[in-house]
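Engineer: Structure supplied as model-v2.cif; contents: mmCIF, C-alpha atoms.
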data_model
loop_
_atom_site.label_atom_id
_atom_site.label_comp_id
_atom_site.auth_asym_id
_atom_site.auth_seq_id
_atom_site.Cartn_x
_atom_site.Cartn_y
_atom_site.Cartn_z
CA MET A 456 -18.20 -81.15 11.33
CA THR A 457 -19.42 -78.99 14.18
CA LEU A 458 -19.56 -79.61 17.90
CA ARG A 459 -22.78 -79.03 19.82
CA SER A 460 -23.69 -79.36 23.49
CA ASN A 461 -27.07 -80.87 24.28
CA ALA A 462 -29.23 -80.21 27.35
CA ASP A 463 -27.47 -82.77 29.56
CA GLY A 464 -24.02 -81.30 28.80
CA ASN A 465 -22.87 -84.09 26.48
CA MET A 466 -21.21 -83.17 23.23
CA SER A 467 -22.47 -84.38 19.87
CA PHE A 468 -21.06 -83.96 16.39
CA THR A 469 -23.05 -82.91 13.36
CA ARG A 470 -21.64 -82.97 9.85
CA VAL A 471 -21.88 -79.55 8.26
CA PRO A 472 -20.65 -78.66 4.75
CA ALA A 473 -17.24 -76.97 4.93
CA ALA A 474 -18.59 -73.89 3.16
CA ARG A 475 -20.92 -73.27 6.12
CA LEU A 476 -18.24 -73.71 8.80
CA ALA A 477 -16.69 -70.26 8.39
CA ASP A 478 -19.33 -68.49 10.48
CA ASN A 479 -18.55 -66.11 13.33
CA GLY A 480 -16.76 -68.05 16.07
CA VAL A 481 -15.57 -70.85 13.77
CA ALA A 482 -12.21 -70.83 12.02
CA VAL A 483 -11.22 -73.56 9.57
CA CYS A 484 -7.44 -74.07 9.43
CA TYR A 485 -5.48 -75.69 6.62
CA PRO A 486 -1.97 -77.25 6.71
CA ASP A 487 -0.61 -74.58 4.33
CA GLY A 488 -1.06 -72.02 7.14
CA THR A 489 -4.25 -70.42 5.82
CA TYR A 490 -7.45 -70.16 7.82
CA LYS A 491 -10.97 -69.05 7.03
CA ILE A 492 -13.19 -67.12 9.42
CA ASN A 493 -16.27 -64.98 8.73
CA GLY A 494 -16.06 -65.81 5.03
CA GLN A 495 -12.55 -64.38 4.69
CA VAL A 496 -9.38 -66.38 3.99
CA TYR A 497 -6.18 -65.31 5.76
CA GLN A 498 -2.59 -66.47 5.34
CA PRO A 499 -0.48 -64.93 8.10
CA LYS A 500 3.07 -64.21 6.98
CA GLY A 501 5.81 -65.64 9.16
CA SER A 502 3.48 -67.73 11.32
CA LYS A 503 5.35 -70.23 13.45
CA THR A 504 2.13 -72.07 14.33
CA CYS A 505 0.84 -72.90 10.83
CA GLY A 506 -1.78 -70.15 11.24
CA ILE A 507 -3.42 -71.81 14.26
CA GLN A 508 -2.42 -69.14 16.80
CA GLU A 509 -3.62 -66.42 14.45
CA ALA A 510 -6.95 -68.24 13.98
CA VAL A 511 -7.38 -68.58 17.76
CA ASN A 512 -6.62 -64.87 18.17
CA ALA A 513 -9.24 -64.04 15.51
CA LEU A 514 -12.08 -65.69 17.48
CA PRO A 515 -14.58 -63.37 19.18
CA VAL A 516 -13.23 -61.79 22.37
CA GLY A 517 -16.51 -61.61 24.27
CA GLY A 518 -17.16 -59.12 27.04
CA VAL A 519 -19.40 -58.44 29.98
CA GLY A 520 -22.35 -60.79 29.62
CA THR A 521 -21.11 -62.14 26.27
CA PRO A 522 -18.89 -65.23 26.20
CA GLY A 523 -15.94 -65.29 23.85
CA GLY A 524 -14.09 -67.96 21.95
CA GLY A 525 -15.20 -70.43 19.35
CA THR A 526 -14.14 -73.47 17.39
CA ILE A 527 -10.96 -74.20 15.48
CA VAL A 528 -11.57 -76.87 12.84
CA LEU A 529 -8.41 -78.56 11.55
CA ALA A 530 -8.72 -79.82 7.99
CA HIS A 531 -7.04 -83.05 6.90
CA GLY A 532 -3.24 -82.84 7.23
CA ILE A 533 -0.29 -82.19 9.53
CA PHE A 534 -0.09 -78.74 11.11
CA LYS A 535 3.57 -78.08 11.88
CA THR A 536 4.33 -75.59 14.65
CA ALA A 537 7.65 -74.36 16.02
CA ASN A 538 6.03 -72.37 18.87
CA THR A 539 3.58 -73.25 21.60
CA ILE A 540 -0.06 -72.39 20.80
CA TYR A 541 -1.68 -70.36 23.59
CA MET A 542 -5.20 -69.26 24.41
CA PRO A 543 -5.58 -65.48 23.94
CA SER A 544 -4.69 -63.23 26.87
CA TYR A 545 -7.50 -60.70 26.57
CA GLN A 546 -10.62 -62.53 27.76
CA SER A 547 -12.71 -60.52 30.17
CA ASN A 548 -15.53 -62.99 30.52
CA SER A 549 -16.21 -66.69 30.14
CA TYR A 550 -14.46 -68.20 27.15
CA SER A 551 -14.84 -71.47 25.29
CA LEU A 552 -12.20 -72.92 23.00
CA LYS A 553 -12.80 -76.03 20.87
CA PHE A 554 -10.37 -77.85 18.59
CA ILE A 555 -11.94 -80.35 16.19
CA GLY A 556 -9.85 -82.40 13.77
CA ALA A 557 -10.68 -84.60 10.80
CA GLY A 558 -9.73 -87.78 12.73
CA ILE A 559 -6.82 -89.00 14.84
CA ALA A 560 -5.16 -90.53 11.79
CA SER A 561 -6.10 -87.64 9.49
CA SER A 562 -5.22 -84.35 11.17
CA GLY A 563 -3.17 -83.04 14.02
CA ILE A 564 -0.57 -80.66 15.34
CA LEU A 565 3.15 -81.53 15.25
CA MET A 566 5.72 -79.57 17.30
CA THR A 567 8.82 -79.36 15.09
CA ASN A 568 11.06 -77.39 17.46
CA LEU A 569 13.98 -79.57 18.57
CA ILE A 570 14.05 -77.82 21.95
CA PRO A 571 11.24 -79.37 24.05
CA HIS A 572 8.13 -77.16 24.03
CA GLU A 573 4.50 -77.70 24.87
CA VAL A 574 2.43 -78.00 21.71
CA MET A 575 -0.49 -76.17 23.32
CA ARG A 576 -1.00 -74.38 26.65
CA ILE A 577 -4.43 -73.51 28.02
CA ASP A 578 -3.71 -71.40 31.09
CA PRO A 579 -6.16 -68.65 32.03
CA ALA A 580 -4.10 -67.75 35.12
CA ALA A 581 -0.99 -66.97 33.04
CA ASN A 582 -2.99 -64.62 30.85
CA GLY A 583 -4.49 -62.54 33.65
CA ASN A 584 -7.98 -63.96 33.16
CA THR A 585 -9.92 -64.28 36.40
CA ASN A 586 -12.85 -66.06 34.78
CA GLN A 587 -13.32 -69.65 33.76
CA ILE A 588 -12.69 -71.12 30.36
CA ASN A 589 -14.08 -74.26 28.79
CA PHE A 590 -11.83 -76.39 26.60
CA TYR A 591 -12.81 -79.19 24.23
CA MET A 592 -10.66 -81.23 21.85
CA ALA A 593 -11.70 -84.09 19.57
CA HIS A 594 -10.63 -86.14 16.54
CA LEU A 595 -6.98 -85.12 16.18
CA PHE A 596 -3.45 -86.01 17.19
CA MET A 597 -0.89 -83.90 19.02
CA SER A 598 2.76 -84.83 18.80
CA SER A 599 6.37 -83.64 19.00
CA VAL A 600 9.50 -84.58 17.04
CA THR A 601 11.41 -84.44 20.34
CA ASN A 602 11.22 -87.45 22.64
CA ALA A 603 11.68 -85.52 25.87
CA THR A 604 9.97 -84.86 29.18
CA THR A 605 7.46 -82.12 28.43
CA ASN A 606 3.72 -81.61 28.20
CA LEU A 607 2.17 -81.92 24.78
CA LEU A 608 -1.02 -80.30 26.08
CA ALA A 609 -0.87 -78.28 29.30
CA LEU A 610 -4.13 -77.41 31.07
CA ASN A 611 -3.73 -75.12 34.07
CA GLY A 612 -5.89 -72.94 36.25
CA ALA A 613 -4.73 -71.85 39.65
CA PHE A 614 -4.99 -70.08 42.93
CA ASP A 615 -1.87 -68.32 44.18
CA SER A 616 -0.20 -69.13 47.51
CA GLY A 617 -2.51 -66.62 49.23
CA GLY A 618 -5.63 -68.38 47.94
CA ASN A 619 -6.47 -65.69 45.36
CA PHE A 620 -8.33 -66.93 42.30
CA HIS A 621 -6.56 -66.45 38.97
CA GLY A 622 -8.85 -68.15 36.49
CA CYS A 623 -9.65 -71.79 35.95
CA ILE A 624 -10.70 -74.39 33.48
CA GLY A 625 -14.38 -74.62 34.25
CA GLY A 626 -15.05 -77.59 32.01
CA GLY A 627 -13.48 -79.65 29.34
CA ARG A 628 -13.54 -82.79 27.32
CA ILE A 629 -10.90 -84.52 25.27
CA THR A 630 -12.16 -87.38 23.14
CA ASP A 631 -10.81 -89.47 20.28
CA CYS A 632 -7.36 -87.83 20.42
CA LEU A 633 -3.89 -89.33 20.21
CA PHE A 634 -0.88 -87.84 22.05
CA GLY A 635 2.68 -89.04 21.57
CA TRP A 636 6.20 -88.84 20.22
CA TRP A 637 6.09 -88.42 16.43
CA ASN A 638 8.57 -91.22 15.63
CA GLY A 639 6.68 -93.60 17.92
CA MET A 640 3.39 -92.72 16.25
CA THR A 641 4.62 -93.02 12.66
CA ASN A 642 7.00 -95.99 12.77
#
Represent the structure contained in this file as structure tokens.
Structural biologist:
Amino acid sequence: MTLRSNADGNMSFTRVPAARLADNGVAVCYPDGTYKINGQVYQPKGSKTCGIQEAVNALPVGGVGTPGGGTIVLAHGIFKTANTIYMPSYQSNSYSLKFIGAGIASSGILMTNLIPHEVMRIDPAANGNTNQINFYMAHLFMSSVTNATTNLLALNGAFDSGGNFHGCIGGGRITDCLFGWWNGMTN
């Protein structure tokens, strides 16, 4: 499945054969930690994010006049992570990051660390980016094994106390997603 934006800014989904998804700017991730991008399959050794962070880092960087980012497609299954997944810190221009799952009951990201952590943090200001990013998420769940006060998904863009711009989330959409404590979602 691929995500497309139409002329009025709404998002639509089009089913695309999985073999065609591994184009530039699209990474398909699998629960065994492998991901496919640009026709190549990678299995990062020692990944604490089930290969998701490595797939995000492999998306096009972009540059002056060329936006960066792309789409992370999560195949069916549970993607276990012990570390927070971050957006890359090297964007120098506008950046778009999309996460598309196989369905809220079929695929998602599970934080397994017993110390409360965010599952994912989208924070251009923390990464030194002074440009905007766009973030989209659809058809997946995000959960933690720890029932504690924390953010499962943190979206942040900020000005400092002096009013200086440090990057922002220029647009975003989250649709058909489920967020919650793992035991509450599965029992």
Engineer: Could you check the closest approach to Met575 in chain A for each of A:Asn589, A:Asn493, A:Asn606, A:Thr526 and tell me which residue wins, using only C-alpha atoms?
Structural biologist: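 Between A:Asn589, A:Asn493, A:Asn606, A:Thr526, the residue approaching Met575 in chain A most closely is A:Asn606.
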Engineer: Contacts of Gly563 in chain A at 6 Å or less, counting all atoms listed in the file, minus same-chain residues fewer than 3 places along, as a ChimeraX atom specification?
Structural biologist: /A:533,595-597
Engineer: Just checking: using only C-alpha atoms, which residue out of A:Thr630, A:Gln508, A:Asn638, A:Gln587 ends up closest to Ile559 in chain A?
Structural biologist: A:Thr630
Engineer: Convert the output of the PyMOL selection byres ((chain A and resi 601-604) around 7) on the shown file into explicit residues, formatted as number ranges by chain.
Structural biologist: A: 569, 571, 599-600, 605, 636
Engineer: Go ahead and write the residues just picked, C-alpha atoms, as a compact mmCIF listing (two decimals), keeping the file's coordinate frame.
Structural biologist:
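Listed below is the output, out-v5.txt:
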# COMPACT_ATOMS: atom_id res chain seq x y z
CA LEU A 569 13.98 -79.57 18.57
CA PRO A 571 11.24 -79.37 24.05
CA SER A 599 6.37 -83.64 19.00
CA VAL A 600 9.50 -84.58 17.04
CA THR A 605 7.46 -82.12 28.43
CA TRP A 636 6.20 -88.84 20.22
Engineer: Select, from A:Ile492, A:Ala530, A:Leu514, A:Ile540, the residue with the minimum atom-to-atom distance to Leu552 in chain A, counting all atoms listed in the file.
Structural biologist: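 Result for the nearest residue to Leu552 in chain A: A:Leu514.
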Engineer: Give me the residues near Cys505 in chain A as a compact mmCIF listing (two decimals) with C-alpha atoms, keeping the file's coordinate frame, where near means some atom within 9 Å (using all atoms listed in the file) and where sequence neighbours in that chain fewer than 3 positions away do not count.
Structural biologist:
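As written to disk, part23.txt reads:
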# COMPACT_ATOMS: atom_id res chain seq x y z
CA CYS A 484 -7.44 -74.07 9.43
CA TYR A 485 -5.48 -75.69 6.62
CA PRO A 486 -1.97 -77.25 6.71
CA ASP A 487 -0.61 -74.58 4.33
CA GLY A 488 -1.06 -72.02 7.14
CA THR A 489 -4.25 -70.42 5.82
CA PRO A 499 -0.48 -64.93 8.10
CA GLY A 501 5.81 -65.64 9.16
CA SER A 502 3.48 -67.73 11.32
CA GLN A 508 -2.42 -69.14 16.80
CA GLU A 509 -3.62 -66.42 14.45
CA PHE A 534 -0.09 -78.74 11.11
CA LYS A 535 3.57 -78.08 11.88
CA THR A 536 4.33 -75.59 14.65
CA ALA A 537 7.65 -74.36 16.02
Engineer: Suppose you want the space between CA of Tyr550 in chain A and CA of Val516 in chain A; what is it in Å?
Structural biologist: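 One can read the CA of Tyr550 in chain A to CA of Val516 in chain A distance as 8.1 Å.
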Engineer: Ranking A:Thr539, A:Thr504, A:Thr521, A:Ser549 by minimum distance to Phe590 in chain A and counting only C-alpha atoms, which one comes first?
Structural biologist: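 With only C-alpha atoms as the atom set, the closest residue is A:Ser549.
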Engineer: Which one is closest to Ile527 in chain A: A:Phe554, A:Lys503, A:Pro515, A:Thr641? Count all atoms listed in the file.
Structural biologist: A:Phe554
Engineer: What's the separation between CA of Cys623 in chain A and CA of Ser562 in chain A, in Å to one decimal place?
Structural biologist: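 Atom-to-atom, CA of Cys623 in chain A to CA of Ser562 in chain A, that is 28.1 Å.
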Engineer: Find the residues around Leu607 in chain A up to 9 Å (all atoms listed in the file counted), leave out those fewer than 3 positions away in its own chain, and share them as an NGL selection string.
Structural biologist: :A and (566 or 572-576 or 597-599 or 634-635)
Engineer: Please, what distance in Å, to one decimal, runs between CA of Ala593 in chain A and CA of Leu608 in chain A?
Structural biologist: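 Taking CA of Ala593 in chain A as the start and CA of Leu608 in chain A as the end point, the length is 13.1 Å.
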Engineer: Check which residues satisfy the PyMOL selection byres ((chain A and resi 627) around 9) in the file shown, then give them as a list in words.
Structural biologist: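 This file, filtered by the PyMOL selection byres ((chain A and resi 627) around 9), leaves Ile588, Asn589, Phe590, Tyr591, Met592, Ile624, Gly625, Gly626, Arg628 and Ile629 of chain A.
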Engineer: From the list A:Val511, A:Val519, A:Cys632, A:Leu565, which residue is nearest Pro543 in chain A when using all atoms listed in the file?
Structural biologist: A:Val511
